[in-house]
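Below is the file data.tsv, which contains TSV, C-alpha atoms.
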chain	number	residue	atom	x	y	z
A	1	MET	CA	-6.02	-30.03	-6.63
A	2	PRO	CA	-4.43	-26.68	-7.49
A	3	THR	CA	-6.13	-23.53	-6.25
A	4	ASN	CA	-7.46	-20.92	-8.67
A	5	PRO	CA	-5.26	-17.85	-8.22
A	6	VAL	CA	-6.57	-14.39	-7.31
A	7	LEU	CA	-4.87	-10.99	-7.32
A	8	VAL	CA	-6.23	-7.71	-5.94
A	9	VAL	CA	-4.39	-4.36	-6.03
A	10	HIS	CA	-5.09	-0.82	-4.85
A	11	GLY	CA	-3.55	2.52	-5.67
A	12	GLY	CA	-4.68	4.70	-2.79
A	13	ALA	CA	-7.93	5.92	-1.24
A	14	TRP	CA	-8.70	9.67	-1.35
A	15	ALA	CA	-10.62	12.28	-3.33
A	16	ILE	CA	-8.91	11.49	-6.65
A	17	PRO	CA	-9.58	14.45	-9.02
A	18	ASP	CA	-11.32	13.76	-12.33
A	19	GLU	CA	-8.20	14.66	-14.31
A	20	MET	CA	-6.18	12.01	-12.45
A	21	VAL	CA	-8.66	9.14	-12.75
A	22	GLU	CA	-7.32	7.67	-15.97
A	23	ALA	CA	-3.72	7.72	-14.73
A	24	HIS	CA	-4.78	5.84	-11.60
A	25	LEU	CA	-6.75	3.28	-13.59
A	26	HIS	CA	-3.86	2.78	-15.98
A	27	GLY	CA	-1.50	2.33	-13.05
A	28	VAL	CA	-3.53	-0.34	-11.27
A	29	ARG	CA	-4.20	-2.17	-14.55
A	30	THR	CA	-0.49	-2.31	-15.33
A	31	ALA	CA	0.29	-3.52	-11.81
A	32	LEU	CA	-2.43	-6.14	-12.05
A	33	ALA	CA	-1.02	-7.44	-15.32
A	34	ALA	CA	2.47	-7.74	-13.85
A	35	GLY	CA	1.31	-9.65	-10.80
A	36	TRP	CA	-1.04	-11.88	-12.78
A	37	ARG	CA	1.75	-13.00	-15.08
A	38	VAL	CA	3.45	-14.49	-12.01
A	39	LEU	CA	0.33	-16.29	-10.79
A	40	ASP	CA	-0.72	-17.46	-14.23
A	41	ARG	CA	2.52	-19.37	-14.72
A	42	GLY	CA	2.18	-20.98	-11.30
A	43	GLY	CA	4.45	-18.59	-9.40
A	44	PRO	CA	4.07	-17.83	-5.68
A	45	ALA	CA	1.76	-15.18	-4.25
A	46	LEU	CA	4.78	-13.52	-2.64
A	47	ASP	CA	6.35	-12.88	-6.06
A	48	ALA	CA	3.04	-11.66	-7.47
A	49	VAL	CA	2.46	-8.98	-4.83
A	50	GLU	CA	6.07	-7.85	-5.07
A	51	GLU	CA	5.90	-7.41	-8.85
A	52	ALA	CA	2.56	-5.63	-8.72
A	53	VAL	CA	3.79	-3.16	-6.10
A	54	VAL	CA	7.07	-2.52	-7.96
A	55	VAL	CA	5.06	-1.37	-10.99
A	56	MET	CA	3.21	1.16	-8.86
A	57	GLU	CA	6.39	2.30	-7.09
A	58	ASN	CA	7.77	3.08	-10.56
A	59	ASP	CA	4.62	5.01	-11.56
A	60	GLU	CA	4.79	8.68	-10.58
A	61	THR	CA	1.00	8.76	-10.30
A	62	PHE	CA	1.19	7.15	-6.89
A	63	ASP	CA	2.65	8.06	-3.50
A	64	ALA	CA	5.23	5.27	-3.55
A	65	GLY	CA	8.77	5.33	-4.94
A	66	ARG	CA	9.62	8.12	-7.37
A	67	GLY	CA	7.03	10.90	-7.30
A	68	SER	CA	6.14	10.43	-3.62
A	69	PHE	CA	5.13	13.24	-1.32
A	70	LEU	CA	7.94	15.25	0.19
A	71	ASN	CA	8.42	15.52	3.92
A	72	ARG	CA	8.76	18.80	5.79
A	73	ASP	CA	12.43	19.05	4.78
A	74	GLY	CA	11.70	18.46	1.10
A	75	ARG	CA	12.94	14.86	1.01
A	76	VAL	CA	11.32	11.57	0.04
A	77	GLN	CA	11.14	8.97	2.83
A	78	LEU	CA	9.66	5.59	1.90
A	79	ASP	CA	8.16	2.68	3.85
A	80	ALA	CA	7.17	-0.82	2.68
A	81	LEU	CA	6.20	-4.24	4.02
A	82	ILE	CA	5.73	-7.67	2.45
A	83	MET	CA	4.38	-10.75	4.23
A	84	ASP	CA	4.06	-14.43	3.40
A	85	GLY	CA	0.84	-16.01	4.66
A	86	ALA	CA	2.23	-19.56	4.61
A	87	THR	CA	5.17	-19.01	6.95
A	88	LEU	CA	4.40	-15.56	8.43
A	89	ARG	CA	7.85	-14.48	7.31
A	90	THR	CA	7.90	-10.74	6.85
A	91	GLY	CA	10.20	-7.98	5.66
A	92	GLY	CA	9.80	-4.28	6.27
A	93	VAL	CA	11.68	-1.04	5.69
A	94	GLY	CA	10.97	2.40	7.09
A	95	CYS	CA	12.16	5.94	6.36
A	96	VAL	CA	14.47	4.93	3.52
A	97	GLU	CA	15.69	7.74	1.28
A	98	ARG	CA	17.92	6.02	-1.27
A	99	ILE	CA	15.92	2.97	-2.41
A	100	ALA	CA	13.71	3.44	-5.46
A	101	ASN	CA	11.78	0.22	-4.85
A	102	PRO	CA	11.48	-0.29	-1.10
A	103	VAL	CA	9.33	-3.41	-1.57
A	104	ARG	CA	12.38	-5.08	-3.17
A	105	ALA	CA	14.41	-4.34	-0.05
A	106	ALA	CA	11.56	-5.60	2.13
A	107	ARG	CA	11.51	-8.84	0.15
A	108	LYS	CA	15.26	-9.30	0.65
A	109	ILE	CA	14.78	-8.90	4.39
A	110	LEU	CA	12.01	-11.50	4.35
A	111	SER	CA	14.12	-13.96	2.38
A	112	GLU	CA	17.62	-13.37	3.70
A	113	SER	CA	17.52	-11.90	7.19
A	114	PRO	CA	16.56	-13.32	10.60
A	115	HIS	CA	15.20	-9.85	11.33
A	116	VAL	CA	11.86	-8.47	10.22
A	117	TYR	CA	12.47	-4.74	10.06
A	118	PHE	CA	15.19	-2.27	9.09
A	119	VAL	CA	14.93	1.52	9.08
A	120	GLY	CA	16.81	4.45	7.62
A	121	GLU	CA	20.51	4.07	6.98
A	122	GLY	CA	20.54	0.49	8.30
A	123	ALA	CA	17.90	-0.53	5.77
A	124	GLU	CA	19.84	1.11	2.96
A	125	ARG	CA	23.04	-0.64	4.03
A	126	PHE	CA	21.26	-4.01	4.14
A	127	ALA	CA	19.79	-3.40	0.68
A	128	ALA	CA	23.17	-2.47	-0.82
A	129	GLU	CA	24.81	-5.52	0.73
A	130	HIS	CA	22.15	-7.71	-0.88
A	131	GLY	CA	22.43	-6.41	-4.41
A	132	ILE	CA	19.84	-3.64	-4.43
A	133	PRO	CA	21.31	-0.48	-5.98
A	134	LEU	CA	21.01	2.74	-4.03
A	135	CYS	CA	19.96	5.99	-5.67
A	136	LYS	CA	20.18	9.64	-4.71
A	137	ASN	CA	17.20	11.10	-2.91
A	138	GLU	CA	16.96	13.70	-5.67
A	139	ASP	CA	16.26	10.87	-8.12
A	140	LEU	CA	12.97	10.22	-6.31
A	141	ILE	CA	11.83	13.87	-6.35
A	142	ILE	CA	9.74	15.27	-9.21
A	143	PRO	CA	8.78	18.92	-9.90
A	144	ARG	CA	5.08	18.28	-9.24
A	145	GLU	CA	5.83	17.38	-5.63
A	146	VAL	CA	8.27	20.24	-5.10
A	147	GLU	CA	5.49	22.62	-6.14
A	148	ARG	CA	2.89	20.78	-4.06
A	149	LEU	CA	5.04	21.11	-0.93
A	150	ARG	CA	5.79	24.77	-1.65
A	151	GLU	CA	2.09	25.57	-2.04
A	152	TYR	CA	1.20	23.59	1.06
A	153	GLN	CA	3.82	25.21	3.27
A	154	SER	CA	2.85	28.69	2.06
A	155	HIS	CA	-0.69	28.09	3.36
A	156	LEU	CA	0.25	26.01	6.39
A	157	GLU	CA	-2.29	27.44	8.84
A	158	GLU	CA	-5.14	26.89	6.39
A	159	HIS	CA	-4.04	23.31	5.81
A	160	ARG	CA	-3.25	22.39	9.38
A	161	ALA	CA	-6.80	21.42	10.24
A	162	ASP	CA	-7.24	19.22	7.18
A	163	LEU	CA	-3.79	17.67	6.89
A	164	PHE	CA	-5.31	14.19	6.96
A	165	ALA	CA	-8.53	15.04	5.13
A	166	PRO	CA	-9.39	12.73	2.24
A	167	THR	CA	-8.89	15.61	-0.19
A	168	ILE	CA	-5.16	15.35	0.53
A	169	SER	CA	-3.76	12.50	-1.51
A	170	HIS	CA	-3.10	9.12	0.06
A	171	ASP	CA	-1.79	7.16	-2.90
A	172	THR	CA	-0.28	4.33	-0.87
A	173	VAL	CA	-0.16	1.20	-3.04
A	174	GLY	CA	-0.74	-2.42	-2.16
A	175	ALA	CA	-1.49	-5.93	-3.38
A	176	VAL	CA	-2.84	-9.21	-2.01
A	177	ALA	CA	-2.62	-12.53	-3.84
A	178	LEU	CA	-3.58	-16.21	-3.68
A	179	ASP	CA	-1.47	-18.67	-5.67
A	180	ARG	CA	-2.08	-22.14	-7.11
A	181	ASP	CA	-0.57	-23.75	-4.01
A	182	GLY	CA	-3.19	-22.10	-1.81
A	183	ASN	CA	-0.85	-19.59	-0.19
A	184	ILE	CA	-1.64	-15.92	0.28
A	185	ALA	CA	0.63	-12.88	0.56
A	186	ALA	CA	0.37	-9.11	0.95
A	187	ALA	CA	2.54	-6.07	0.24
A	188	THR	CA	2.11	-2.34	0.89
A	189	SER	CA	4.37	0.58	-0.07
A	190	THR	CA	4.13	4.32	0.51
A	191	GLY	CA	5.83	7.69	0.58
A	192	GLY	CA	3.68	8.71	3.54
A	193	THR	CA	1.87	11.99	4.02
A	194	LEU	CA	2.60	15.41	2.57
A	195	ASN	CA	4.83	17.64	4.75
A	196	LYS	CA	5.26	14.85	7.32
A	197	ALA	CA	7.87	15.30	10.02
A	198	PRO	CA	11.19	13.66	9.11
A	199	GLY	CA	11.29	10.16	10.59
A	200	ARG	CA	7.50	9.81	10.78
A	201	LEU	CA	6.36	6.25	10.14
A	202	GLY	CA	2.85	5.44	8.99
A	203	ASP	CA	0.78	2.27	9.02
A	204	SER	CA	1.87	0.90	5.65
A	205	SER	CA	5.01	-0.89	6.76
A	206	LEU	CA	3.80	-2.05	10.17
A	207	ILE	CA	2.68	-5.67	10.54
A	208	GLY	CA	-1.05	-5.87	11.18
A	209	CYS	CA	-1.63	-2.17	10.59
A	210	GLY	CA	-1.22	-1.45	6.89
A	211	CYS	CA	-0.29	-4.95	5.81
A	212	TYR	CA	-0.85	-8.52	7.00
A	213	ALA	CA	-1.01	-12.07	5.61
A	214	ASN	CA	-1.79	-15.40	7.25
A	215	ASN	CA	-3.08	-18.46	5.39
A	216	GLU	CA	-5.29	-19.23	8.38
A	217	SER	CA	-7.10	-15.90	8.18
A	218	ALA	CA	-6.53	-13.39	5.36
A	219	ALA	CA	-4.19	-11.08	3.49
A	220	ALA	CA	-4.85	-7.35	3.80
A	221	SER	CA	-3.42	-4.07	2.54
A	222	THR	CA	-4.73	-0.71	3.68
A	223	THR	CA	-4.42	2.87	2.47
A	224	GLY	CA	-5.37	6.22	3.95
A	225	TRP	CA	-4.55	8.22	7.05
A	226	GLY	CA	-2.01	6.07	8.84
A	227	GLU	CA	-2.31	7.23	12.44
A	228	PRO	CA	-5.93	6.04	13.00
A	229	ILE	CA	-5.24	2.80	11.10
A	230	MET	CA	-2.28	2.09	13.40
A	231	LYS	CA	-4.36	2.68	16.51
A	232	LEU	CA	-6.81	-0.02	15.44
A	233	VAL	CA	-4.18	-2.44	14.05
A	234	LEU	CA	-6.72	-2.54	11.24
A	235	ALA	CA	-5.28	-5.15	8.87
A	236	LYS	CA	-4.97	-7.71	11.70
A	237	TRP	CA	-8.40	-6.74	13.02
A	238	ALA	CA	-9.89	-7.53	9.61
A	239	ALA	CA	-7.95	-10.78	9.24
A	240	ASP	CA	-9.18	-11.93	12.64
A	241	ARG	CA	-12.77	-11.23	11.59
A	242	VAL	CA	-12.28	-13.41	8.52
A	243	GLU	CA	-10.74	-16.20	10.61
A	244	ALA	CA	-13.84	-16.06	12.82
A	245	GLY	CA	-15.94	-16.98	9.79
A	246	ASN	CA	-16.94	-13.66	8.24
A	247	LEU	CA	-16.74	-13.04	4.50
A	248	PRO	CA	-13.92	-10.70	3.37
A	249	GLU	CA	-16.39	-8.66	1.32
A	250	TRP	CA	-18.32	-7.76	4.45
A	251	VAL	CA	-15.31	-7.45	6.73
A	252	ALA	CA	-13.65	-4.88	4.45
A	253	LYS	CA	-16.77	-2.70	4.62
A	254	GLU	CA	-17.05	-3.24	8.36
A	255	ALA	CA	-13.41	-2.21	8.79
A	256	MET	CA	-14.05	1.08	7.02
A	257	ASN	CA	-17.07	1.78	9.22
A	258	TYR	CA	-15.05	0.89	12.33
A	259	LEU	CA	-12.21	3.17	11.22
A	260	LYS	CA	-14.58	6.11	10.78
A	261	GLN	CA	-16.73	5.56	13.87
A	262	ARG	CA	-14.00	4.68	16.36
A	263	VAL	CA	-11.22	7.12	15.47
A	264	ASN	CA	-12.71	9.30	12.70
A	265	GLY	CA	-10.26	7.82	10.19
A	266	HIS	CA	-10.55	7.43	6.46
A	267	GLY	CA	-8.99	5.10	3.96
A	268	GLY	CA	-9.45	1.88	2.05
A	269	MET	CA	-8.72	-1.82	2.25
A	270	ILE	CA	-8.29	-4.88	0.06
A	271	LEU	CA	-8.81	-8.21	1.83
A	272	LEU	CA	-8.40	-11.78	0.52
A	273	ASP	CA	-8.71	-15.21	2.13
A	274	ALA	CA	-7.17	-18.55	1.18
A	275	ALA	CA	-10.46	-19.66	-0.42
A	276	GLY	CA	-10.13	-16.86	-2.98
A	277	ARG	CA	-12.91	-14.70	-1.55
A	278	PHE	CA	-12.05	-11.00	-1.40
A	279	GLY	CA	-13.33	-7.61	-0.39
A	280	ILE	CA	-12.59	-4.08	-1.61
A	281	ALA	CA	-13.85	-1.11	0.41
A	282	HIS	CA	-13.13	2.54	1.13
A	283	ASN	CA	-14.78	5.40	3.02
A	284	THR	CA	-13.13	8.10	0.90
A	285	PRO	CA	-14.69	9.53	-2.27
A	286	ARG	CA	-12.54	7.33	-4.49
A	287	MET	CA	-9.99	4.51	-4.45
A	288	ALA	CA	-8.17	3.02	-7.43
A	289	TRP	CA	-8.51	-0.80	-7.41
A	290	ALA	CA	-8.30	-3.81	-9.70
A	291	PHE	CA	-8.70	-7.56	-9.37
A	292	HIS	CA	-8.02	-10.63	-11.49
A	293	THR	CA	-9.38	-14.17	-11.14
A	294	VAL	CA	-9.35	-17.06	-13.60
A	295	GLN	CA	-12.90	-16.09	-14.58
A	296	THR	CA	-12.63	-12.33	-14.90
A	297	HIS	CA	-10.71	-9.16	-14.26
A	298	GLN	CA	-12.02	-5.73	-13.41
A	299	ASP	CA	-10.84	-2.30	-12.26
A	300	GLY	CA	-12.44	0.85	-11.00
A	301	ILE	CA	-12.12	4.09	-9.14
A	302	GLU	CA	-15.03	3.58	-6.75
A	303	ARG	CA	-16.34	0.48	-5.01
A	304	GLU	CA	-20.02	0.70	-4.12
A	305	GLY	CA	-22.40	-1.76	-2.50
Could you write out this file's structure as structure tokens?
Amino acid sequence: MPTNPVLVVHGGAWAIPDEMVEAHLHGVRTALAAGWRVLDRGGPALDAVEEAVVVMENDETFDAGRGSFLNRDGRVQLDALIMDGATLRTGGVGCVERIANPVRAARKILSESPHVYFVGEGAERFAAEHGIPLCKNEDLIIPREVERLREYQSHLEEHRADLFAPTISHDTVGAVALDRDGNIAAATSTGGTLNKAPGRLGDSSLIGCGCYANNESAAASTTGWGEPIMKLVLAKWAADRVEAGNLPEWVAKEAMNYLKQRVNGHGGMILLDAAGRFGIAHNTPRMAWAFHTVQTHQDGIEREG
């Protein structure tokens, strides 16, 4: 019997201002629609999460692809990971500066390389050799982020203490999906944190930290302050809890409590198992999210209860 597909997406967990709420909701709805089209026609979960994340990478609302935060040197550096729960095959890129859709490059690595991870110039070379066009870094930079970096650096001492506070945007994007064949997949993509040191890598593109998928446990994508999430290997921690028999809905909430209590971290998580059960949780004021099942679809900016 075919499985009923499920798709869940997120667009970042932070203190999203009122004036940005509608743009975030529009972004996750559009991503949800793109991924659902894949699942609805019987396509694989891996394709669905890729397509959903590409939509958000192309949306300047989010911190992924064009419109991402600038690093300390005023450049965009992007990270992404995609993982197949059936085979555990994975592709990741880190610190790429000339790829508009890093999740596309990650997918090529998953499909066509014996390796799992490429960074920087090596990742860009691999992408170009496998048909992914390279862009100029300037093509990924928008005036809003130039001004944001300028303002931030002009008040650096004031900001230093709250660099990772939830009021500073963490618009990492991600998706988890279950397809009709019963396979799950996950993808996460980000531009990282504002004014980050060049070469800094966050949790988003690290297996088990910001992204994980295993048919025997769960698919997870996280968002938020990457350093604490990495320390807890939070996506794998949550997947292991699901494999032990806990419901994803409760595990996602538990993960957010664990993140806060153990390392004073903040963020959000979407979590999905191969039975189609899912959880959405965050310990920040807001997180853009959306889900689609055969029965219903819904989106929101907060997830309570």
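Point (17.8, 6.4, -6.2) has the following residues at most 9 Å away: Arg66, Glu97, Arg98, Ile99, Ala100, Asn101, Pro133, Leu134, Cys135, Lys136, Asn137, Glu138, Asp139 and Leu140 of chain A (atoms considered: all atoms listed in the file).
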Kindly save the residues from that selection, with C-alpha atoms included, as an mmCIF file, in the coordinates of the input.
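Okay, this is what ended up in selection.cif:
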data_model
loop_
_atom_site.group_PDB
_atom_site.id
_atom_site.type_symbol
_atom_site.label_atom_id
_atom_site.label_comp_id
_atom_site.auth_asym_id
_atom_site.auth_seq_id
_atom_site.Cartn_x
_atom_site.Cartn_y
_atom_site.Cartn_z
ATOM 1 C CA ARG A 66 9.620 8.120 -7.370
ATOM 2 C CA GLU A 97 15.690 7.740 1.280
ATOM 3 C CA ARG A 98 17.920 6.020 -1.270
ATOM 4 C CA ILE A 99 15.920 2.970 -2.410
ATOM 5 C CA ALA A 100 13.710 3.440 -5.460
ATOM 6 C CA ASN A 101 11.780 0.220 -4.850
ATOM 7 C CA PRO A 133 21.310 -0.480 -5.980
ATOM 8 C CA LEU A 134 21.010 2.740 -4.030
ATOM 9 C CA CYS A 135 19.960 5.990 -5.670
ATOM 10 C CA LYS A 136 20.180 9.640 -4.710
ATOM 11 C CA ASN A 137 17.200 11.100 -2.910
ATOM 12 C CA GLU A 138 16.960 13.700 -5.670
ATOM 13 C CA ASP A 139 16.260 10.870 -8.120
ATOM 14 C CA LEU A 140 12.970 10.220 -6.310
#
Give me the box for segment 265-276 of chain A as AutoDock Vina command-line options, namely the centre and edge lengths in Å to one decimal of a box along x, y and z that holds every listed atom plus 4 Å on each side.
--center_x -8.9 --center_y -5.9 --center_z 3.6 --size_x 11.4 --size_y 35.5 --size_z 21.2
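Comparing the minimum interatomic distances between Ala175 of chain A and each of A:Trp225, A:Tyr258, A:Tyr212, A:Phe69, counting only C-alpha atoms, we find that A:Tyr212 sits nearest.
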Surrounding residues of Thr284 of chain A excluding itself and chain neighbours under 3 positions, 7 Å, only C-alpha atoms, as a VMD selection string: chain A and resid 13 to 15 166 266 to 267
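Within the 9 Å cut-off around Ser111 of chain A, using only C-alpha atoms and omitting residues fewer than 2 positions from it on the same chain, the listed residues are A:Arg89, A:Thr90, A:Gly91, A:Ala106, A:Arg107, A:Lys108, A:Ile109, A:Ser113, A:Pro114.
Nearest to Ala177 of chain A of all the residues A:Gly279, A:Pro44, A:Gly94, A:Gly11 is A:Pro44, based on all atoms listed in the file.
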Point (-11.0, 7.6, 9.6) neighbourhood (12 Å, only C-alpha atoms) written as a ChimeraX atom specification: /A:13-14,164-166,222-232,234,255-268,282-284
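From atom CA of Thr87 of chain A back to atom CA of Arg125 of chain A, the distance works out to 25.8 Å.
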Residues within 8 Å of segment 45-60 of chain A, all atoms listed in the file, excluding chain neighbours under 2 positions, as a ChimeraX atom specification: /A:7,9,11,27-28,30-39,43,62-68,82-84,100-101,103-104,107,173-179,183-189
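The list of residues with at least one atom within 10 Å of Pro2 of chain A, based on only C-alpha atoms and without residues fewer than 2 positions apart in the same chain, reads Asn4, Pro5, Gly42, Asp179, Arg180, Asp181 and Gly182 of chain A.
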Using C-alpha atoms, can you export the residues from the last selection as a PDB file, in the frame of the given file?
ATOM      1  CA  ASN A   4      -7.460 -20.920  -8.670  1.00  0.00           C
ATOM      2  CA  PRO A   5      -5.260 -17.850  -8.220  1.00  0.00           C
ATOM      3  CA  GLY A  42       2.180 -20.980 -11.300  1.00  0.00           C
ATOM      4  CA  ASP A 179      -1.470 -18.670  -5.670  1.00  0.00           C
ATOM      5  CA  ARG A 180      -2.080 -22.140  -7.110  1.00  0.00           C
ATOM      6  CA  ASP A 181      -0.570 -23.750  -4.010  1.00  0.00           C
ATOM      7  CA  GLY A 182      -3.190 -22.100  -1.810  1.00  0.00           C
TER       8      GLY A 182
END
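For the pair atom CA of Val6 of chain A and atom CA of Gln295 of chain A, the interatomic distance is 9.8 Å.
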Write segment 245-254 of chain A as an mmCIF file, keeping the file's coordinate frame, completed to all heavy atoms.
data_model
loop_
_atom_site.group_PDB
_atom_site.id
_atom_site.type_symbol
_atom_site.label_atom_id
_atom_site.label_comp_id
_atom_site.auth_asym_id
_atom_site.auth_seq_id
_atom_site.Cartn_x
_atom_site.Cartn_y
_atom_site.Cartn_z
ATOM 1 N N GLY A 245 -14.893 -16.463 10.657
ATOM 2 C CA GLY A 245 -15.940 -16.980 9.790
ATOM 3 C C GLY A 245 -16.696 -15.962 8.962
ATOM 4 O O GLY A 245 -17.658 -16.301 8.269
ATOM 5 N N ASN A 246 -16.266 -14.718 9.002
ATOM 6 C CA ASN A 246 -16.940 -13.660 8.240
ATOM 7 C C ASN A 246 -16.354 -13.537 6.839
ATOM 8 O O ASN A 246 -15.161 -13.741 6.634
ATOM 9 C CB ASN A 246 -16.807 -12.328 8.977
ATOM 10 C CG ASN A 246 -17.464 -12.359 10.351
ATOM 11 O OD1 ASN A 246 -18.675 -12.288 10.461
ATOM 12 N ND2 ASN A 246 -16.654 -12.483 11.400
ATOM 13 N N LEU A 247 -17.181 -13.172 5.885
ATOM 14 C CA LEU A 247 -16.740 -13.040 4.500
ATOM 15 C C LEU A 247 -15.889 -11.782 4.321
ATOM 16 O O LEU A 247 -16.240 -10.710 4.842
ATOM 17 C CB LEU A 247 -17.940 -12.952 3.563
ATOM 18 C CG LEU A 247 -18.747 -14.236 3.373
ATOM 19 C CD1 LEU A 247 -20.002 -13.939 2.558
ATOM 20 C CD2 LEU A 247 -17.907 -15.305 2.679
ATOM 21 N N PRO A 248 -14.776 -11.878 3.580
ATOM 22 C CA PRO A 248 -13.920 -10.700 3.370
ATOM 23 C C PRO A 248 -14.670 -9.501 2.787
ATOM 24 O O PRO A 248 -14.372 -8.354 3.143
ATOM 25 C CB PRO A 248 -12.866 -11.223 2.380
ATOM 26 C CG PRO A 248 -12.781 -12.681 2.669
ATOM 27 C CD PRO A 248 -14.175 -13.107 3.000
ATOM 28 N N GLU A 249 -15.633 -9.756 1.924
ATOM 29 C CA GLU A 249 -16.390 -8.660 1.320
ATOM 30 C C GLU A 249 -17.070 -7.809 2.393
ATOM 31 O O GLU A 249 -17.080 -6.572 2.329
ATOM 32 C CB GLU A 249 -17.438 -9.226 0.371
ATOM 33 C CG GLU A 249 -18.309 -8.167 -0.283
ATOM 34 C CD GLU A 249 -19.391 -8.748 -1.172
ATOM 35 O OE1 GLU A 249 -19.467 -9.991 -1.281
ATOM 36 O OE2 GLU A 249 -20.154 -7.958 -1.750
ATOM 37 N N TRP A 250 -17.632 -8.488 3.387
ATOM 38 C CA TRP A 250 -18.320 -7.760 4.450
ATOM 39 C C TRP A 250 -17.346 -7.189 5.466
ATOM 40 O O TRP A 250 -17.561 -6.091 5.993
ATOM 41 C CB TRP A 250 -19.320 -8.705 5.142
ATOM 42 C CG TRP A 250 -20.408 -9.127 4.216
ATOM 43 C CD1 TRP A 250 -20.559 -10.343 3.613
ATOM 44 C CD2 TRP A 250 -21.480 -8.312 3.725
ATOM 45 N NE1 TRP A 250 -21.658 -10.338 2.789
ATOM 46 C CE2 TRP A 250 -22.249 -9.109 2.835
ATOM 47 C CE3 TRP A 250 -21.875 -7.002 3.951
ATOM 48 C CZ2 TRP A 250 -23.371 -8.632 2.182
ATOM 49 C CZ3 TRP A 250 -22.999 -6.517 3.297
ATOM 50 C CH2 TRP A 250 -23.741 -7.326 2.428
ATOM 51 N N VAL A 251 -16.292 -7.922 5.738
ATOM 52 C CA VAL A 251 -15.310 -7.450 6.730
ATOM 53 C C VAL A 251 -14.632 -6.165 6.260
ATOM 54 O O VAL A 251 -14.398 -5.251 7.058
ATOM 55 C CB VAL A 251 -14.277 -8.543 7.026
ATOM 56 C CG1 VAL A 251 -13.157 -7.999 7.908
ATOM 57 C CG2 VAL A 251 -14.935 -9.737 7.700
ATOM 58 N N ALA A 252 -14.301 -6.091 4.976
ATOM 59 C CA ALA A 252 -13.650 -4.880 4.450
ATOM 60 C C ALA A 252 -14.536 -3.656 4.668
ATOM 61 O O ALA A 252 -14.063 -2.593 5.093
ATOM 62 C CB ALA A 252 -13.316 -5.056 2.979
ATOM 63 N N LYS A 253 -15.830 -3.809 4.402
ATOM 64 C CA LYS A 253 -16.770 -2.700 4.620
ATOM 65 C C LYS A 253 -16.888 -2.372 6.109
ATOM 66 O O LYS A 253 -16.927 -1.203 6.504
ATOM 67 C CB LYS A 253 -18.136 -3.069 4.057
ATOM 68 C CG LYS A 253 -18.179 -3.245 2.560
ATOM 69 C CD LYS A 253 -19.537 -3.760 2.132
ATOM 70 C CE LYS A 253 -19.560 -4.089 0.654
ATOM 71 N NZ LYS A 253 -20.861 -4.672 0.242
ATOM 72 N N GLU A 254 -16.958 -3.426 6.912
ATOM 73 C CA GLU A 254 -17.050 -3.240 8.360
ATOM 74 C C GLU A 254 -15.825 -2.517 8.892
ATOM 75 O O GLU A 254 -15.925 -1.649 9.776
ATOM 76 C CB GLU A 254 -17.203 -4.613 9.025
ATOM 77 C CG GLU A 254 -17.498 -4.559 10.509
ATOM 78 C CD GLU A 254 -17.586 -5.927 11.130
ATOM 79 O OE1 GLU A 254 -17.169 -6.930 10.500
ATOM 80 O OE2 GLU A 254 -18.058 -6.007 12.286
#
